[in-house]
Amino acid sequence: YMEPDLARILLAAVAIDCRGFDPKVRGTKFSGRDVKAAHSLLDVLGPKVSDRSEDSLRARPIPEGLFDAATIPELAKLLGAARHDVTGLSAAQLIALDYKSASAPDGTKVGAASILTPFDDFEARAGGAEALAALLREEASSRNVDVLFAMCQTDPATKKRGLAYAGKAVESVERGFEGAPASLPDALRTAALFVEQKISSEGFGAAFADRGGMRYSELRPQTSRKTVLPAILHFL
């Protein structure tokens with residue numbers, strides 16, 4: 001037995017995390033297990049259905065009164081729009097909004113924030129390059145990590161993503177990113193997302209330089225934290 005309120009919360013999380021079960025991201029954002037889980041959550045919230053297929057799930061109605069969306073694809077679109085509305089957020093709040101941490105094999109603790117705005121806007125919200133560098137160091141310290149990376153959305157003008165970091169100097173990461181794809185191990189080079197984002201063939205497009213006390217590089221727009229963070233951990 002599951003409480004309907006809990007099922008509603010979980011369904012929202014599954015819908016956005018699995019990108020509304022868009023067939024284009026099958027195998028990278030969701031699997032058959034996710035389809036089964038979403039059907040089970042809808043069973044808690046409304047009538048059960050006999051067809052448990054992926055196609056049936058995309059078309060299956062969400063019971064009225066739960067969301068302002070009739071199906072899971074519509075719910076994912078609605079939640080995605082709300083998630084990316086960062087109007088009024090400070091640079092520190094943007095770091096906190098989508099933040100992960102991990103430890104490298106050498107023991108280095110890494111923070112990785114996915115910033116939902118282009119780098120120039122992120123930098124401006126902090127008060128400039130030096131202020132952003134100081135903020136990244138402060139956030140690294142408060143989150144008990146050795147180095148904090150901030151990866152921004154694609155800039156409409158440059159068609160590039162911005163990646164900045166502050167804290168422990170990690171020259172090996174810079175060399176690895178700049179040397180990709182040749183620097184990638186086989187395990188990463190052949191991974192589905194590295195192939196899909198063309199990192200396996202075109203690399204990250206990185207070239208690091210100083211920027212107000214932090215290190216900064218533009219990256220190809222196809223890259224994401226799901227490829228950047230594993231690469232960082234490998235190169236450390």
# chains A, B, ... in the order shown; residues from 1 in each chain; ligands from 1

$ residues_around --residues "A:Glu178" --least-positions-apart "2" --cutoff "8 Å" --atoms "only C-alpha atoms" --output "PyMOL selection string"
chain A and resi 174-176+180+203-208

$ residues_around --residues "A:Phe177" --least-positions-apart "5" --cutoff "12 Å" --atoms "only C-alpha atoms" --output "CSV table (one decimal) with C-alpha atoms, in the first residue's frame"
chain,number,residue,atom,x,y,z
A,163,LEU,CA,32.5,25.7,-17.0
A,170,VAL,CA,43.3,20.3,-10.7
A,171,GLU,CA,45.6,20.6,-13.7
A,172,SER,CA,45.1,17.0,-14.5
A,182,ALA,CA,42.3,10.9,-27.0
A,183,SER,CA,42.6,11.3,-23.2
A,184,LEU,CA,39.4,9.4,-22.5
A,199,ILE,CA,32.6,13.6,-26.8
A,200,SER,CA,33.9,10.3,-28.0
A,202,GLU,CA,34.9,15.6,-30.9
A,203,GLY,CA,35.9,15.9,-27.3
A,204,PHE,CA,34.7,18.6,-24.9
A,205,GLY,CA,36.1,21.6,-26.9
A,206,ALA,CA,37.8,22.8,-23.7
A,207,ALA,CA,40.6,25.4,-23.3
A,208,PHE,CA,41.0,26.6,-19.7
A,216,TYR,CA,37.2,28.9,-16.8
A,217,SER,CA,36.6,27.1,-20.1
A,218,GLU,CA,33.9,27.1,-22.7
A,219,LEU,CA,32.6,23.6,-23.7
A,220,ARG,CA,30.7,22.3,-26.6
A,223,THR,CA,27.9,18.3,-23.1
A,227,THR,CA,29.4,13.3,-18.8
A,228,VAL,CA,31.5,16.2,-17.3
A,229,LEU,CA,31.4,14.9,-13.7
A,230,PRO,CA,32.5,11.3,-14.6
A,231,ALA,CA,35.3,12.7,-16.7
A,232,ILE,CA,36.4,15.0,-13.8
A,233,LEU,CA,36.5,12.1,-11.4
A,234,HIS,CA,38.5,10.0,-13.9
A,235,PHE,CA,41.1,12.7,-14.6
A,236,LEU,CA,41.8,13.5,-10.9

$ atom_distance --atom1 "atom CA of A:Asp146" --atom2 "atom CA of A:Val86"
27.0 Å

$ atom_distance --atom1 "atom CA of A:Thr28" --atom2 "atom CA of A:Phe67"
26.1 Å

$ closest_residue --among "A:Cys18, A:Ala70, A:Ala96, A:Val35" --to "A:Asp51" --atoms "only C-alpha atoms"
A:Val35

$ select_by_dssp --residues "stretch 26-228 of chain A" --states "helix (DSSP H, G or I)" --output "NGL selection string"
:A and (32-45 or 54-59 or 72-83 or 91-97 or 119-126 or 129-142 or 171-179 or 186-189 or 192-196 or 199-202 or 225-228)

$ atom_distance --atom1 "atom CA of A:Arg8" --atom2 "atom CA of A:Gly32"
20.1 Å

$ closest_residue --among "A:Ile62, A:Ala76, A:Arg33, A:Ser53" --to "A:Ala12" --atoms "only C-alpha atoms"
A:Ala76

$ decode --residues "stretch 117-132 of chain A" --atoms "all heavy atoms" --output "PDB file, in the first residue's frame"
ATOM      1  N   THR A 117      21.435  28.882 -16.128  1.00  0.00           N
ATOM      2  CA  THR A 117      21.496  30.141 -16.861  1.00  0.00           C
ATOM      3  C   THR A 117      22.867  30.200 -17.524  1.00  0.00           C
ATOM      4  O   THR A 117      23.802  29.524 -17.066  1.00  0.00           O
ATOM      5  CB  THR A 117      21.277  31.343 -15.902  1.00  0.00           C
ATOM      6  OG1 THR A 117      21.076  32.538 -16.644  1.00  0.00           O
ATOM      7  CG2 THR A 117      22.453  31.537 -14.966  1.00  0.00           C
ATOM      8  N   PRO A 118      23.048  30.974 -18.594  1.00  0.00           N
ATOM      9  CA  PRO A 118      24.377  31.092 -19.215  1.00  0.00           C
ATOM     10  C   PRO A 118      25.400  31.701 -18.268  1.00  0.00           C
ATOM     11  O   PRO A 118      25.059  32.404 -17.312  1.00  0.00           O
ATOM     12  CB  PRO A 118      24.124  31.991 -20.431  1.00  0.00           C
ATOM     13  CG  PRO A 118      22.676  31.802 -20.750  1.00  0.00           C
ATOM     14  CD  PRO A 118      22.004  31.631 -19.415  1.00  0.00           C
ATOM     15  N   PHE A 119      26.691  31.471 -18.552  1.00  0.00           N
ATOM     16  CA  PHE A 119      27.745  31.862 -17.627  1.00  0.00           C
ATOM     17  C   PHE A 119      27.789  33.371 -17.383  1.00  0.00           C
ATOM     18  O   PHE A 119      27.972  33.810 -16.242  1.00  0.00           O
ATOM     19  CB  PHE A 119      29.114  31.384 -18.129  1.00  0.00           C
ATOM     20  CG  PHE A 119      30.194  31.626 -17.116  1.00  0.00           C
ATOM     21  CD1 PHE A 119      30.398  30.740 -16.082  1.00  0.00           C
ATOM     22  CD2 PHE A 119      30.982  32.773 -17.186  1.00  0.00           C
ATOM     23  CE1 PHE A 119      31.368  30.976 -15.122  1.00  0.00           C
ATOM     24  CE2 PHE A 119      31.956  33.010 -16.232  1.00  0.00           C
ATOM     25  CZ  PHE A 119      32.153  32.112 -15.198  1.00  0.00           C
ATOM     26  N   ASP A 120      27.665  34.170 -18.416  1.00  0.00           N
ATOM     27  CA  ASP A 120      27.755  35.624 -18.224  1.00  0.00           C
ATOM     28  C   ASP A 120      26.688  36.118 -17.252  1.00  0.00           C
ATOM     29  O   ASP A 120      26.942  37.018 -16.435  1.00  0.00           O
ATOM     30  CB  ASP A 120      27.627  36.351 -19.568  1.00  0.00           C
ATOM     31  CG  ASP A 120      28.899  36.258 -20.401  1.00  0.00           C
ATOM     32  OD1 ASP A 120      29.931  35.790 -19.868  1.00  0.00           O
ATOM     33  OD2 ASP A 120      28.861  36.639 -21.587  1.00  0.00           O
ATOM     34  N   ASP A 121      25.489  35.544 -17.320  1.00  0.00           N
ATOM     35  CA  ASP A 121      24.419  35.936 -16.409  1.00  0.00           C
ATOM     36  C   ASP A 121      24.734  35.462 -14.988  1.00  0.00           C
ATOM     37  O   ASP A 121      24.535  36.199 -14.015  1.00  0.00           O
ATOM     38  CB  ASP A 121      23.088  35.352 -16.878  1.00  0.00           C
ATOM     39  CG  ASP A 121      21.936  35.695 -15.950  1.00  0.00           C
ATOM     40  OD1 ASP A 121      21.717  36.895 -15.698  1.00  0.00           O
ATOM     41  OD2 ASP A 121      21.265  34.766 -15.463  1.00  0.00           O
ATOM     42  N   PHE A 122      25.230  34.247 -14.875  1.00  0.00           N
ATOM     43  CA  PHE A 122      25.624  33.693 -13.574  1.00  0.00           C
ATOM     44  C   PHE A 122      26.697  34.574 -12.918  1.00  0.00           C
ATOM     45  O   PHE A 122      26.602  34.921 -11.741  1.00  0.00           O
ATOM     46  CB  PHE A 122      26.137  32.272 -13.793  1.00  0.00           C
ATOM     47  CG  PHE A 122      26.637  31.558 -12.571  1.00  0.00           C
ATOM     48  CD1 PHE A 122      25.892  31.515 -11.402  1.00  0.00           C
ATOM     49  CD2 PHE A 122      27.865  30.893 -12.613  1.00  0.00           C
ATOM     50  CE1 PHE A 122      26.352  30.824 -10.279  1.00  0.00           C
ATOM     51  CE2 PHE A 122      28.326  30.194 -11.506  1.00  0.00           C
ATOM     52  CZ  PHE A 122      27.576  30.166 -10.333  1.00  0.00           C
ATOM     53  N   GLU A 123      27.688  34.949 -13.710  1.00  0.00           N
ATOM     54  CA  GLU A 123      28.771  35.788 -13.218  1.00  0.00           C
ATOM     55  C   GLU A 123      28.248  37.153 -12.789  1.00  0.00           C
ATOM     56  O   GLU A 123      28.651  37.698 -11.749  1.00  0.00           O
ATOM     57  CB  GLU A 123      29.829  35.927 -14.305  1.00  0.00           C
ATOM     58  CG  GLU A 123      31.098  36.630 -13.895  1.00  0.00           C
ATOM     59  CD  GLU A 123      32.109  36.641 -15.028  1.00  0.00           C
ATOM     60  OE1 GLU A 123      31.861  37.336 -16.046  1.00  0.00           O
ATOM     61  OE2 GLU A 123      33.134  35.950 -14.910  1.00  0.00           O
ATOM     62  N   ALA A 124      27.349  37.715 -13.573  1.00  0.00           N
ATOM     63  CA  ALA A 124      26.797  39.030 -13.256  1.00  0.00           C
ATOM     64  C   ALA A 124      25.989  38.990 -11.959  1.00  0.00           C
ATOM     65  O   ALA A 124      26.039  39.933 -11.152  1.00  0.00           O
ATOM     66  CB  ALA A 124      25.917  39.518 -14.409  1.00  0.00           C
ATOM     67  N   ARG A 125      25.259  37.903 -11.737  1.00  0.00           N
ATOM     68  CA  ARG A 125      24.465  37.795 -10.506  1.00  0.00           C
ATOM     69  C   ARG A 125      25.363  37.734  -9.271  1.00  0.00           C
ATOM     70  O   ARG A 125      24.943  38.122  -8.175  1.00  0.00           O
ATOM     71  CB  ARG A 125      23.568  36.555 -10.553  1.00  0.00           C
ATOM     72  CG  ARG A 125      22.483  36.615 -11.618  1.00  0.00           C
ATOM     73  CD  ARG A 125      21.517  35.456 -11.490  1.00  0.00           C
ATOM     74  NE  ARG A 125      20.703  35.286 -12.691  1.00  0.00           N
ATOM     75  CZ  ARG A 125      19.486  34.757 -12.711  1.00  0.00           C
ATOM     76  NH1 ARG A 125      18.930  34.343 -11.585  1.00  0.00           N
ATOM     77  NH2 ARG A 125      18.830  34.621 -13.842  1.00  0.00           N
ATOM     78  N   ALA A 126      26.581  37.212  -9.452  1.00  0.00           N
ATOM     79  CA  ALA A 126      27.516  37.144  -8.328  1.00  0.00           C
ATOM     80  C   ALA A 126      28.186  38.480  -8.067  1.00  0.00           C
ATOM     81  O   ALA A 126      28.750  38.695  -6.988  1.00  0.00           O
ATOM     82  CB  ALA A 126      28.569  36.079  -8.602  1.00  0.00           C
ATOM     83  N   GLY A 127      28.168  39.376  -9.076  1.00  0.00           N
ATOM     84  CA  GLY A 127      28.820  40.675  -8.929  1.00  0.00           C
ATOM     85  C   GLY A 127      30.131  40.784  -9.670  1.00  0.00           C
ATOM     86  O   GLY A 127      30.959  41.643  -9.369  1.00  0.00           O
ATOM     87  N   GLY A 128      30.353  39.898 -10.654  1.00  0.00           N
ATOM     88  CA  GLY A 128      31.567  39.939 -11.450  1.00  0.00           C
ATOM     89  C   GLY A 128      32.431  38.715 -11.235  1.00  0.00           C
ATOM     90  O   GLY A 128      32.152  37.863 -10.393  1.00  0.00           O
ATOM     91  N   ALA A 129      33.517  38.638 -12.018  1.00  0.00           N
ATOM     92  CA  ALA A 129      34.363  37.443 -12.024  1.00  0.00           C
ATOM     93  C   ALA A 129      35.016  37.197 -10.663  1.00  0.00           C
ATOM     94  O   ALA A 129      35.017  36.066 -10.154  1.00  0.00           O
ATOM     95  CB  ALA A 129      35.430  37.567 -13.107  1.00  0.00           C
ATOM     96  N   GLU A 130      35.603  38.220 -10.053  1.00  0.00           N
ATOM     97  CA  GLU A 130      36.288  38.033  -8.773  1.00  0.00           C
ATOM     98  C   GLU A 130      35.301  37.641  -7.676  1.00  0.00           C
ATOM     99  O   GLU A 130      35.605  36.790  -6.829  1.00  0.00           O
ATOM    100  CB  GLU A 130      37.045  39.296  -8.396  1.00  0.00           C
ATOM    101  CG  GLU A 130      38.228  39.595  -9.314  1.00  0.00           C
ATOM    102  CD  GLU A 130      39.011  40.820  -8.872  1.00  0.00           C
ATOM    103  OE1 GLU A 130      38.629  41.430  -7.854  1.00  0.00           O
ATOM    104  OE2 GLU A 130      40.001  41.165  -9.552  1.00  0.00           O
ATOM    105  N   ALA A 131      34.129  38.249  -7.707  1.00  0.00           N
ATOM    106  CA  ALA A 131      33.116  37.914  -6.706  1.00  0.00           C
ATOM    107  C   ALA A 131      32.627  36.476  -6.894  1.00  0.00           C
ATOM    108  O   ALA A 131      32.382  35.757  -5.917  1.00  0.00           O
ATOM    109  CB  ALA A 131      31.937  38.883  -6.799  1.00  0.00           C
ATOM    110  N   LEU A 132      32.493  36.043  -8.149  1.00  0.00           N
ATOM    111  CA  LEU A 132      32.064  34.669  -8.401  1.00  0.00           C
ATOM    112  C   LEU A 132      33.138  33.675  -7.958  1.00  0.00           C
ATOM    113  O   LEU A 132      32.831  32.638  -7.363  1.00  0.00           O
ATOM    114  CB  LEU A 132      31.738  34.467  -9.874  1.00  0.00           C
ATOM    115  CG  LEU A 132      31.303  33.045 -10.264  1.00  0.00           C
ATOM    116  CD1 LEU A 132      30.102  32.588  -9.434  1.00  0.00           C
ATOM    117  CD2 LEU A 132      30.967  32.974 -11.753  1.00  0.00           C
TER     118      LEU A 132
END
